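Below is the file target_29.cif, which contains mmCIF, C-alpha atoms (C1' of nucleotides).
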```
data_query
#
loop_
_atom_site.group_PDB
_atom_site.id
_atom_site.type_symbol
_atom_site.label_atom_id
_atom_site.label_comp_id
_atom_site.auth_asym_id
_atom_site.auth_seq_id
_atom_site.Cartn_x
_atom_site.Cartn_y
_atom_site.Cartn_z
ATOM 1 C CA MET A 13 -1.050 -31.755 10.689
ATOM 2 C CA ARG A 14 -0.147 -29.204 13.303
ATOM 3 C CA SER A 15 1.804 -30.033 16.432
ATOM 4 C CA ASN A 16 1.896 -28.178 19.693
ATOM 5 C CA LYS A 17 5.507 -27.232 20.149
ATOM 6 C CA VAL A 18 6.791 -26.646 23.673
ATOM 7 C CA LEU A 19 8.837 -23.463 23.865
ATOM 8 C CA THR A 20 12.345 -23.992 25.225
ATOM 9 C CA ASN A 21 15.354 -21.923 26.214
ATOM 10 C CA LYS A 22 16.060 -21.170 22.600
ATOM 11 C CA PHE A 23 12.821 -19.204 22.345
ATOM 12 C CA PHE A 24 13.468 -17.227 25.515
ATOM 13 C CA ASP A 25 17.161 -16.578 24.912
ATOM 14 C CA ARG A 26 16.526 -13.597 22.630
ATOM 15 C CA PRO A 27 16.078 -9.870 23.244
ATOM 16 C CA THR A 28 13.325 -9.330 25.800
ATOM 17 C CA LEU A 29 11.209 -7.108 23.604
ATOM 18 C CA THR A 30 11.355 -9.675 20.815
ATOM 19 C CA VAL A 31 10.340 -12.465 23.167
ATOM 20 C CA ALA A 32 7.558 -10.377 24.665
ATOM 21 C CA GLU A 33 5.963 -9.560 21.339
ATOM 22 C CA SER A 34 6.304 -13.098 20.044
ATOM 23 C CA MET A 35 4.649 -14.541 23.144
ATOM 24 C CA LEU A 36 1.339 -13.067 22.046
ATOM 25 C CA GLY A 37 -0.775 -15.831 20.558
ATOM 26 C CA LYS A 38 1.357 -18.508 22.185
ATOM 27 C CA TYR A 39 -0.184 -20.659 24.894
ATOM 28 C CA LEU A 40 0.403 -20.878 28.592
ATOM 29 C CA VAL A 41 -0.346 -24.444 29.652
ATOM 30 C CA ARG A 42 -0.960 -25.370 33.251
ATOM 31 C CA ARG A 43 -1.366 -28.796 34.727
ATOM 32 C CA GLN A 44 -4.232 -28.684 37.191
ATOM 33 C CA GLY A 45 -4.773 -32.040 38.785
ATOM 34 C CA ARG A 46 -4.849 -34.623 36.027
ATOM 35 C CA THR A 47 -5.781 -32.259 33.254
ATOM 36 C CA ASN A 48 -3.864 -29.651 31.331
ATOM 37 C CA ARG A 49 -5.451 -26.357 30.502
ATOM 38 C CA ALA A 50 -4.154 -24.072 27.787
ATOM 39 C CA TYR A 51 -4.648 -20.318 27.732
ATOM 40 C CA MET A 52 -3.757 -18.084 24.820
ATOM 41 C CA ILE A 53 -1.506 -15.227 25.883
ATOM 42 C CA THR A 54 -2.995 -11.842 25.088
ATOM 43 C CA GLU A 55 -1.024 -9.315 27.122
ATOM 44 C CA VAL A 56 2.606 -9.097 28.245
ATOM 45 C CA GLU A 57 5.180 -6.602 29.459
ATOM 46 C CA ALA A 58 8.946 -6.579 29.030
ATOM 47 C CA TYR A 59 11.416 -5.722 31.787
ATOM 48 C CA ASP A 60 14.706 -5.180 30.115
ATOM 49 C CA GLY A 61 18.126 -4.964 31.700
ATOM 50 C CA PRO A 62 19.821 -3.429 34.755
ATOM 51 C CA LYS A 63 19.112 0.149 33.685
ATOM 52 C CA ASP A 64 15.365 -0.354 33.432
ATOM 53 C CA LYS A 65 14.096 1.619 36.425
ATOM 54 C CA ALA A 66 10.774 -0.189 36.338
ATOM 55 C CA SER A 67 12.511 -3.537 36.786
ATOM 56 C CA HIS A 68 13.326 -5.144 40.118
ATOM 57 C CA ALA A 69 16.753 -5.786 38.626
ATOM 58 C CA SER A 70 17.502 -2.065 38.710
ATOM 59 C CA HIS A 71 18.506 -2.581 42.359
ATOM 60 C CA GLY A 72 21.151 -5.111 41.335
ATOM 61 C CA ARG A 73 21.395 -8.766 42.258
ATOM 62 C CA THR A 74 19.082 -8.679 45.246
ATOM 63 C CA PRO A 75 17.645 -11.992 46.461
ATOM 64 C CA ARG A 76 14.330 -11.329 44.774
ATOM 65 C CA ALA A 77 15.787 -10.191 41.464
ATOM 66 C CA GLU A 78 18.494 -12.856 41.300
ATOM 67 C CA ILE A 79 16.384 -15.157 39.184
ATOM 68 C CA MET A 80 16.145 -12.460 36.509
ATOM 69 C CA PHE A 81 19.909 -12.712 36.056
ATOM 70 C CA GLY A 82 19.697 -16.447 35.515
ATOM 71 C CA GLU A 83 18.814 -18.930 32.834
ATOM 72 C CA PRO A 84 16.224 -17.938 30.240
ATOM 73 C CA GLY A 85 13.054 -19.990 30.322
ATOM 74 C CA ARG A 86 12.839 -20.090 34.095
ATOM 75 C CA LEU A 87 9.806 -18.715 35.883
ATOM 76 C CA PHE A 88 10.076 -15.620 38.034
ATOM 77 C CA VAL A 89 7.191 -15.328 40.491
ATOM 78 C CA TYR A 90 6.967 -12.683 43.173
ATOM 79 C CA LEU A 91 4.344 -11.138 45.422
ATOM 80 C CA THR A 92 3.247 -7.555 45.055
ATOM 81 C CA TYR A 93 0.905 -5.402 47.112
ATOM 82 C CA GLY A 94 0.994 -8.152 49.699
ATOM 83 C CA MET A 95 -1.471 -10.317 47.818
ATOM 84 C CA HIS A 96 -0.906 -10.708 44.104
ATOM 85 C CA TRP A 97 1.524 -13.127 42.497
ATOM 86 C CA MET A 98 3.173 -11.910 39.309
ATOM 87 C CA LEU A 99 4.125 -14.543 36.754
ATOM 88 C CA ASN A 100 7.172 -13.816 34.605
ATOM 89 C CA VAL A 101 9.505 -15.760 32.337
ATOM 90 C CA VAL A 102 13.208 -14.967 32.339
ATOM 91 C CA THR A 103 14.596 -13.941 28.968
ATOM 92 C CA GLY A 104 17.927 -13.138 27.323
ATOM 93 C CA PRO A 105 21.379 -14.419 28.171
ATOM 94 C CA GLU A 106 22.587 -15.274 31.665
ATOM 95 C CA ASP A 107 23.781 -12.298 33.727
ATOM 96 C CA TYR A 108 21.575 -9.937 31.756
ATOM 97 C CA PRO A 109 18.511 -9.361 33.945
ATOM 98 C CA ALA A 110 15.322 -9.442 31.935
ATOM 99 C CA ALA A 111 11.901 -11.022 31.995
ATOM 100 C CA VAL A 112 8.460 -10.933 30.472
ATOM 101 C CA LEU A 113 5.439 -10.458 32.722
ATOM 102 C CA ILE A 114 2.311 -12.382 31.722
ATOM 103 C CA ARG A 115 -0.382 -9.759 32.202
ATOM 104 C CA GLY A 116 -3.280 -11.497 30.531
ATOM 105 C CA VAL A 117 -4.520 -14.592 28.778
ATOM 106 C CA LYS A 118 -7.703 -15.078 26.791
ATOM 107 C CA GLY A 119 -10.568 -14.774 29.231
ATOM 108 C CA ILE A 120 -8.457 -13.479 32.117
ATOM 109 C CA SER A 121 -7.241 -9.871 32.315
ATOM 110 C CA GLY A 122 -4.683 -8.713 34.839
ATOM 111 C CA PRO A 123 -1.531 -10.410 36.107
ATOM 112 C CA GLY A 124 -2.891 -11.030 39.592
ATOM 113 C CA ARG A 125 -5.979 -12.695 38.193
ATOM 114 C CA VAL A 126 -3.948 -14.845 35.836
ATOM 115 C CA SER A 127 -1.916 -16.185 38.745
ATOM 116 C CA ARG A 128 -4.980 -16.740 40.889
ATOM 117 C CA GLY A 129 -6.838 -18.475 38.074
ATOM 118 C CA LEU A 130 -3.939 -20.766 37.234
ATOM 119 C CA HIS A 131 -2.834 -21.401 40.813
ATOM 120 C CA VAL A 132 0.533 -19.788 40.366
ATOM 121 C CA ASP A 133 2.455 -18.841 43.484
ATOM 122 C CA LYS A 134 5.898 -18.824 45.079
ATOM 123 C CA ALA A 135 6.241 -22.583 44.595
ATOM 124 C CA LEU A 136 6.945 -21.971 40.908
ATOM 125 C CA ASN A 137 9.586 -19.279 41.425
ATOM 126 C CA GLY A 138 12.869 -20.302 39.825
ATOM 127 C CA VAL A 139 11.584 -23.451 38.201
ATOM 128 C CA LYS A 140 12.051 -24.103 34.540
ATOM 129 C CA ALA A 141 8.963 -23.709 32.393
ATOM 130 C CA SER A 142 8.461 -27.289 31.284
ATOM 131 C CA ILE A 143 5.970 -30.103 31.232
ATOM 132 C CA HIS A 144 7.800 -31.554 34.187
ATOM 133 C CA SER A 145 7.159 -28.491 36.348
ATOM 134 C CA GLY A 146 3.475 -28.336 35.445
ATOM 135 C CA LEU A 147 3.597 -24.947 33.735
ATOM 136 C CA TRP A 148 4.970 -24.372 30.272
ATOM 137 C CA PHE A 149 4.491 -22.503 27.021
ATOM 138 C CA GLU A 150 3.480 -23.820 23.618
ATOM 139 C CA ASP A 151 3.307 -22.638 20.069
ATOM 140 C CA ARG A 152 0.034 -24.025 18.796
ATOM 141 C CA GLY A 153 0.288 -22.390 15.421
ATOM 142 C CA HIS A 154 -2.206 -19.650 16.188
ATOM 143 C CA PRO A 155 -1.691 -16.921 13.579
ATOM 144 C CA VAL A 156 -0.945 -13.440 14.897
ATOM 145 C CA SER A 157 -1.088 -10.550 12.501
ATOM 146 C CA LYS A 158 1.001 -7.541 13.372
ATOM 147 C CA SER A 159 -2.018 -5.273 12.956
ATOM 148 C CA LYS A 160 -3.673 -6.885 15.982
ATOM 149 C CA ILE A 161 -0.778 -6.034 18.270
ATOM 150 C CA LYS A 162 -0.806 -2.779 20.239
ATOM 151 C CA ARG A 163 2.199 -1.351 22.074
ATOM 152 C CA THR A 164 1.747 0.889 25.088
ATOM 153 C CA PRO A 165 3.669 1.981 28.160
ATOM 154 C CA ARG A 166 3.714 -0.496 31.048
ATOM 155 C CA MET A 167 1.107 -0.435 33.782
ATOM 156 C CA GLY A 168 1.712 0.701 37.325
ATOM 157 C CA VAL A 169 5.324 1.782 36.901
ATOM 158 C CA GLY A 170 5.048 5.535 37.346
ATOM 159 C CA TYR A 171 7.764 5.330 39.994
ATOM 160 C CA ALA A 172 10.282 4.507 37.245
ATOM 161 C CA GLY A 173 10.417 8.088 35.999
ATOM 162 C CA LYS A 174 9.342 9.665 32.766
ATOM 163 C CA TYR A 175 11.742 7.858 30.484
ATOM 164 C CA TRP A 176 11.306 4.287 31.687
ATOM 165 C CA ALA A 177 7.626 4.598 32.497
ATOM 166 C CA GLY A 178 7.107 5.964 29.016
ATOM 167 C CA ARG A 179 8.769 3.119 27.110
ATOM 168 C CA LYS A 180 6.257 1.099 25.107
ATOM 169 C CA TYR A 181 7.144 -2.237 26.628
ATOM 170 C CA ARG A 182 3.581 -3.522 26.950
ATOM 171 C CA PHE A 183 2.166 -5.650 24.147
ATOM 172 C CA VAL A 184 -1.521 -6.397 23.781
ATOM 173 C CA LEU A 185 -3.185 -8.749 21.330
ATOM 174 C CA ALA A 186 -6.673 -7.664 20.313
ATOM 175 C CA GLU A 187 -9.149 -10.419 21.123
ATOM 176 C CA GLU A 188 -11.479 -11.643 18.424
ATOM 177 C "C1'" DA B 20 -11.266 6.826 45.022
ATOM 178 C "C1'" DC B 21 -9.396 3.910 48.337
ATOM 179 C "C1'" DG B 22 -8.038 0.198 51.472
ATOM 180 C "C1'" DA B 23 -6.223 -4.517 51.733
ATOM 181 C "C1'" DT B 24 -1.976 -6.884 52.971
ATOM 182 C "C1'" DG B 25 2.899 -8.736 53.528
ATOM 183 C "C1'" DA B 26 7.434 -9.302 51.307
ATOM 184 C "C1'" DT B 27 11.269 -6.575 49.999
ATOM 185 C "C1'" DG B 28 15.172 -3.416 49.999
ATOM 186 C "C1'" DA B 29 17.340 0.356 52.174
ATOM 187 C "C1'" DA B 30 18.211 3.125 56.007
ATOM 188 C "C1'" DC B 31 19.556 3.571 60.652
ATOM 189 C "C1'" DT C 12 14.824 -3.320 63.558
ATOM 190 C "C1'" DT C 13 11.962 -0.118 61.411
ATOM 191 C "C1'" DC C 14 10.059 2.072 57.473
ATOM 192 C "C1'" DA C 15 8.261 3.266 52.909
ATOM 193 C "C1'" DT C 16 7.078 1.136 48.887
ATOM 194 C "C1'" DC C 17 4.702 -1.737 45.767
ATOM 195 C "C1'" DA C 18 5.000 -4.729 37.783
ATOM 196 C "C1'" DT C 19 -2.837 -4.991 41.659
ATOM 197 C "C1'" DC C 20 -7.608 -5.785 42.601
ATOM 198 C "C1'" DG C 21 -12.283 -5.486 44.540
ATOM 199 C "C1'" DT C 22 -15.468 -2.552 46.374
ATOM 200 C "C1'" DA C 23 -17.647 1.928 46.393
#
```
Represent the supplied structure as C-alpha cells.
Amino acid sequence: MRSNKVLTNKFFDRPTLTVAESMLGKYLVRRQGRTNRAYMITEVEAYDGPKDKASHASHGRTPRAEIMFGEPGRLFVYLTYGMHWMLNVVTGPEDYPAAVLIRGVKGISGPGRVSRGLHVDKALNGVKASIHSGLWFEDRGHPVSKSKIKRTPRMGVGYAGKYWAGRKYRFVLAEE
DNA sequence: ACGATGATGAAC
DNA sequence: TTCATCATCGTA
C-alpha cells in the first residue's frame, strides 16, 4: 500500500534545479477550513543563487529576499505587480539564496492564480511548509516520466539580461 | 495591447 | 521622500 509522504527539509536541501524538477508530480496540500485539498504540481521555476539576475536575491540580503537565504523548506511569499502573491519554497543550504516558484498545479495555470485559488498570501511568508502551518508538500507516488517534462526559460524575467533570462530554469509537466 | 495596483529597493 | 520597477492577470 502506498503512503503519502510529507516532504521535509531533506527534500528541499538539494540543488535548486534538482528540487525544481523533482517537484513536478508531487502534491501541494492546503488546509482550507476543515478539509485538506491536494493539487498536483505541474509547473515550477528555479531561482538559483546570488548571481541569478532574475532572482530577488541578486540584490543581496534585502528584507524581502532574506528568507531565500534561510532554511530550506520554508515558504517564500511576496507580492508582485501590486496584486499577485507568488508562492515559493526555499531550497539549498542556509546562506545560499535559492527557491522554487510554484507556477502551476493541475487545473490552475499561473502563479498568481495558484495563490488566489489556494488562499496563499503574506501570512505564509517565512513559515515552514508543514501540516502544522496548513500548507505542505507530499509525495503521493505519482509516476513522472522524464519524457513528459519540458524545460524552458523562465517567464517574465526579461530584465535579467540575455544570459539569465535564457537559462532553462522552468520545468513543465505535460498534463494527461 | 494595455491598465490595474502597491510593495520594494535604490537614489537623492 | 520620491521614483521606477515588477517572477502577472483580466479585459479588449
Take the PyMOL selection byres ((chain A) within 10 of (chain B)), run it mentally on this structure, and tell me the resulting residues as a PDB file with C-alpha atoms, keeping the file's coordinate frame.
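Below you can see out_25.pdb, which holds the result:
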```
ATOM      1  CA  HIS A  71      18.506  -2.581  42.359  1.00  0.00           C
ATOM      2  CA  THR A  74      19.082  -8.679  45.246  1.00  0.00           C
ATOM      3  CA  PRO A  75      17.645 -11.992  46.461  1.00  0.00           C
ATOM      4  CA  ARG A  76      14.330 -11.329  44.774  1.00  0.00           C
ATOM      5  CA  TYR A  90       6.967 -12.683  43.173  1.00  0.00           C
ATOM      6  CA  LEU A  91       4.344 -11.138  45.422  1.00  0.00           C
ATOM      7  CA  THR A  92       3.247  -7.555  45.055  1.00  0.00           C
ATOM      8  CA  TYR A  93       0.905  -5.402  47.112  1.00  0.00           C
ATOM      9  CA  GLY A  94       0.994  -8.152  49.699  1.00  0.00           C
ATOM     10  CA  MET A  95      -1.471 -10.317  47.818  1.00  0.00           C
ATOM     11  CA  HIS A  96      -0.906 -10.708  44.104  1.00  0.00           C
TER      12      HIS A  96
END
```
For the interface of chain C with chain A (cut-off 7 Å, counting all atoms listed in the file), please tabulate each contacting residue of chain C alongside its nearest pair of atoms and their separation in Å to one decimal, rows sorted by chain and increasing number, as a Markdown table.
```
| residue | atom | partner | partner_atom | distance |
| --- | --- | --- | --- | --- |
| C:DC17 | C1' | A:Tyr93 | CA | 5.4 |
| C:DA18 | C1' | A:Gly168 | CA | 6.4 |
| C:DT19 | C1' | A:Gly124 | CA | 6.4 |
```
Can you write out the residues you just picked, keeping C-alpha atoms (C1' of nucleotides), as a short mmCIF file (atom, residue, chain, number, x, y, z; two decimals), keeping the file's coordinate frame?
```
data_model
loop_
_atom_site.label_atom_id
_atom_site.label_comp_id
_atom_site.auth_asym_id
_atom_site.auth_seq_id
_atom_site.Cartn_x
_atom_site.Cartn_y
_atom_site.Cartn_z
"C1'" DC C 17 4.70 -1.74 45.77
"C1'" DA C 18 5.00 -4.73 37.78
"C1'" DT C 19 -2.84 -4.99 41.66
#
```
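Interatomic distance, atom CA of A:Gly170 to atom CA of A:Asp60: 16.1 Å.
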Residue nearest A:Val112 among A:Leu147, A:Leu87, A:Ala186, A:Leu136 (counting all atoms listed in the file): A:Leu87
Residue neighbourhood A:Glu33, 12 Å, only C-alpha atoms (C1' of nucleotides), exclusion window fewer than 5 positions, as JSON, numbers by chain: {"A": [23, 24, 26, 27, 28, 38, 53, 54, 55, 56, 57, 58, 112, 113, 114, 156, 157, 158, 160, 161, 162, 163, 164, 180, 181, 182, 183, 184, 185]}
Restricting it to C-alpha atoms, dump the selection as a PDB file, in the coordinates of the input.
```pdb
ATOM      1  CA  PHE A  23      12.821 -19.204  22.345  1.00  0.00           C
ATOM      2  CA  PHE A  24      13.468 -17.227  25.515  1.00  0.00           C
ATOM      3  CA  ARG A  26      16.526 -13.597  22.630  1.00  0.00           C
ATOM      4  CA  PRO A  27      16.078  -9.870  23.244  1.00  0.00           C
ATOM      5  CA  THR A  28      13.325  -9.330  25.800  1.00  0.00           C
ATOM      6  CA  LYS A  38       1.357 -18.508  22.185  1.00  0.00           C
ATOM      7  CA  ILE A  53      -1.506 -15.227  25.883  1.00  0.00           C
ATOM      8  CA  THR A  54      -2.995 -11.842  25.088  1.00  0.00           C
ATOM      9  CA  GLU A  55      -1.024  -9.315  27.122  1.00  0.00           C
ATOM     10  CA  VAL A  56       2.606  -9.097  28.245  1.00  0.00           C
ATOM     11  CA  GLU A  57       5.180  -6.602  29.459  1.00  0.00           C
ATOM     12  CA  ALA A  58       8.946  -6.579  29.030  1.00  0.00           C
ATOM     13  CA  VAL A 112       8.460 -10.933  30.472  1.00  0.00           C
ATOM     14  CA  LEU A 113       5.439 -10.458  32.722  1.00  0.00           C
ATOM     15  CA  ILE A 114       2.311 -12.382  31.722  1.00  0.00           C
ATOM     16  CA  VAL A 156      -0.945 -13.440  14.897  1.00  0.00           C
ATOM     17  CA  SER A 157      -1.088 -10.550  12.501  1.00  0.00           C
ATOM     18  CA  LYS A 158       1.001  -7.541  13.372  1.00  0.00           C
ATOM     19  CA  LYS A 160      -3.673  -6.885  15.982  1.00  0.00           C
ATOM     20  CA  ILE A 161      -0.778  -6.034  18.270  1.00  0.00           C
ATOM     21  CA  LYS A 162      -0.806  -2.779  20.239  1.00  0.00           C
ATOM     22  CA  ARG A 163       2.199  -1.351  22.074  1.00  0.00           C
ATOM     23  CA  THR A 164       1.747   0.889  25.088  1.00  0.00           C
ATOM     24  CA  LYS A 180       6.257   1.099  25.107  1.00  0.00           C
ATOM     25  CA  TYR A 181       7.144  -2.237  26.628  1.00  0.00           C
ATOM     26  CA  ARG A 182       3.581  -3.522  26.950  1.00  0.00           C
ATOM     27  CA  PHE A 183       2.166  -5.650  24.147  1.00  0.00           C
ATOM     28  CA  VAL A 184      -1.521  -6.397  23.781  1.00  0.00           C
ATOM     29  CA  LEU A 185      -3.185  -8.749  21.330  1.00  0.00           C
TER      30      LEU A 185
END
```
Residues matched by the PyMOL selection byres ((chain A and resi 153) around 8), written as a list in words: Arg14, Ser15, Asn16, Lys38, Asp151, Arg152, His154 and Pro155 of chain A
Keeping only C-alpha atoms, write those residues as a PDB file, in the frame of the given file.
```
ATOM      1  CA  ARG A  14      -0.147 -29.204  13.303  1.00  0.00           C
ATOM      2  CA  SER A  15       1.804 -30.033  16.432  1.00  0.00           C
ATOM      3  CA  ASN A  16       1.896 -28.178  19.693  1.00  0.00           C
ATOM      4  CA  LYS A  38       1.357 -18.508  22.185  1.00  0.00           C
ATOM      5  CA  ASP A 151       3.307 -22.638  20.069  1.00  0.00           C
ATOM      6  CA  ARG A 152       0.034 -24.025  18.796  1.00  0.00           C
ATOM      7  CA  HIS A 154      -2.206 -19.650  16.188  1.00  0.00           C
ATOM      8  CA  PRO A 155      -1.691 -16.921  13.579  1.00  0.00           C
TER       9      PRO A 155
END
```
For atom CA of A:Val126 and atom CA of A:Leu40, the interatomic separation in Å (one decimal):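 Atom-to-atom, atom CA of A:Val126 and atom CA of A:Leu40 are spaced 10.4 Å apart.
Distances here use only C-alpha atoms; by that measure, the residue among A:Lys174, A:Arg73, A:Lys118, A:Arg128 closest to A:Gly37 is A:Lys118.
Rounded to one decimal, atom CA of A:Val139 and atom CA of A:Gly119 lie 25.4 Å from each other.
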Just write stretch 81-116 of chain A with C-alpha atoms, as a CSV table (one decimal), in the first residue's frame, taken from the block above.
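Just written: decode04.csv:
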```
chain,number,residue,atom,x,y,z
A,81,PHE,CA,19.0,32.9,2.4
A,82,GLY,CA,17.3,30.9,5.2
A,83,GLU,CA,16.3,27.4,6.0
A,84,PRO,CA,15.2,25.1,3.1
A,85,GLY,CA,11.6,24.0,3.2
A,86,ARG,CA,10.3,27.4,4.3
A,87,LEU,CA,7.8,29.3,2.2
A,88,PHE,CA,8.7,32.5,0.5
A,89,VAL,CA,5.6,34.6,-0.5
A,90,TYR,CA,5.8,38.0,-1.9
A,91,LEU,CA,3.6,40.4,-3.8
A,92,THR,CA,4.2,41.4,-7.4
A,93,TYR,CA,2.6,43.9,-9.7
A,94,GLY,CA,0.7,45.1,-6.7
A,95,MET,CA,-1.8,42.3,-6.7
A,96,HIS,CA,-0.4,38.8,-7.2
A,97,TRP,CA,1.1,36.7,-4.5
A,98,MET,CA,4.0,34.4,-5.6
A,99,LEU,CA,4.4,31.1,-3.7
A,100,ASN,CA,7.9,29.8,-3.5
A,101,VAL,CA,9.7,27.2,-1.4
A,102,VAL,CA,13.3,27.9,-0.2
A,103,THR,CA,15.9,25.4,-1.3
A,104,GLY,CA,19.5,24.5,-0.8
A,105,PRO,CA,21.7,25.2,2.2
A,106,GLU,CA,21.4,28.1,4.5
A,107,ASP,CA,23.1,31.3,3.3
A,108,TYR,CA,22.8,30.2,-0.3
A,109,PRO,CA,19.8,32.1,-1.7
A,110,ALA,CA,17.5,29.9,-3.8
A,111,ALA,CA,13.9,29.0,-4.2
A,112,VAL,CA,11.4,27.3,-6.4
A,113,LEU,CA,8.4,29.2,-7.6
A,114,ILE,CA,5.2,27.2,-7.9
A,115,ARG,CA,3.8,28.4,-11.2
A,116,GLY,CA,1.0,25.9,-11.7
```
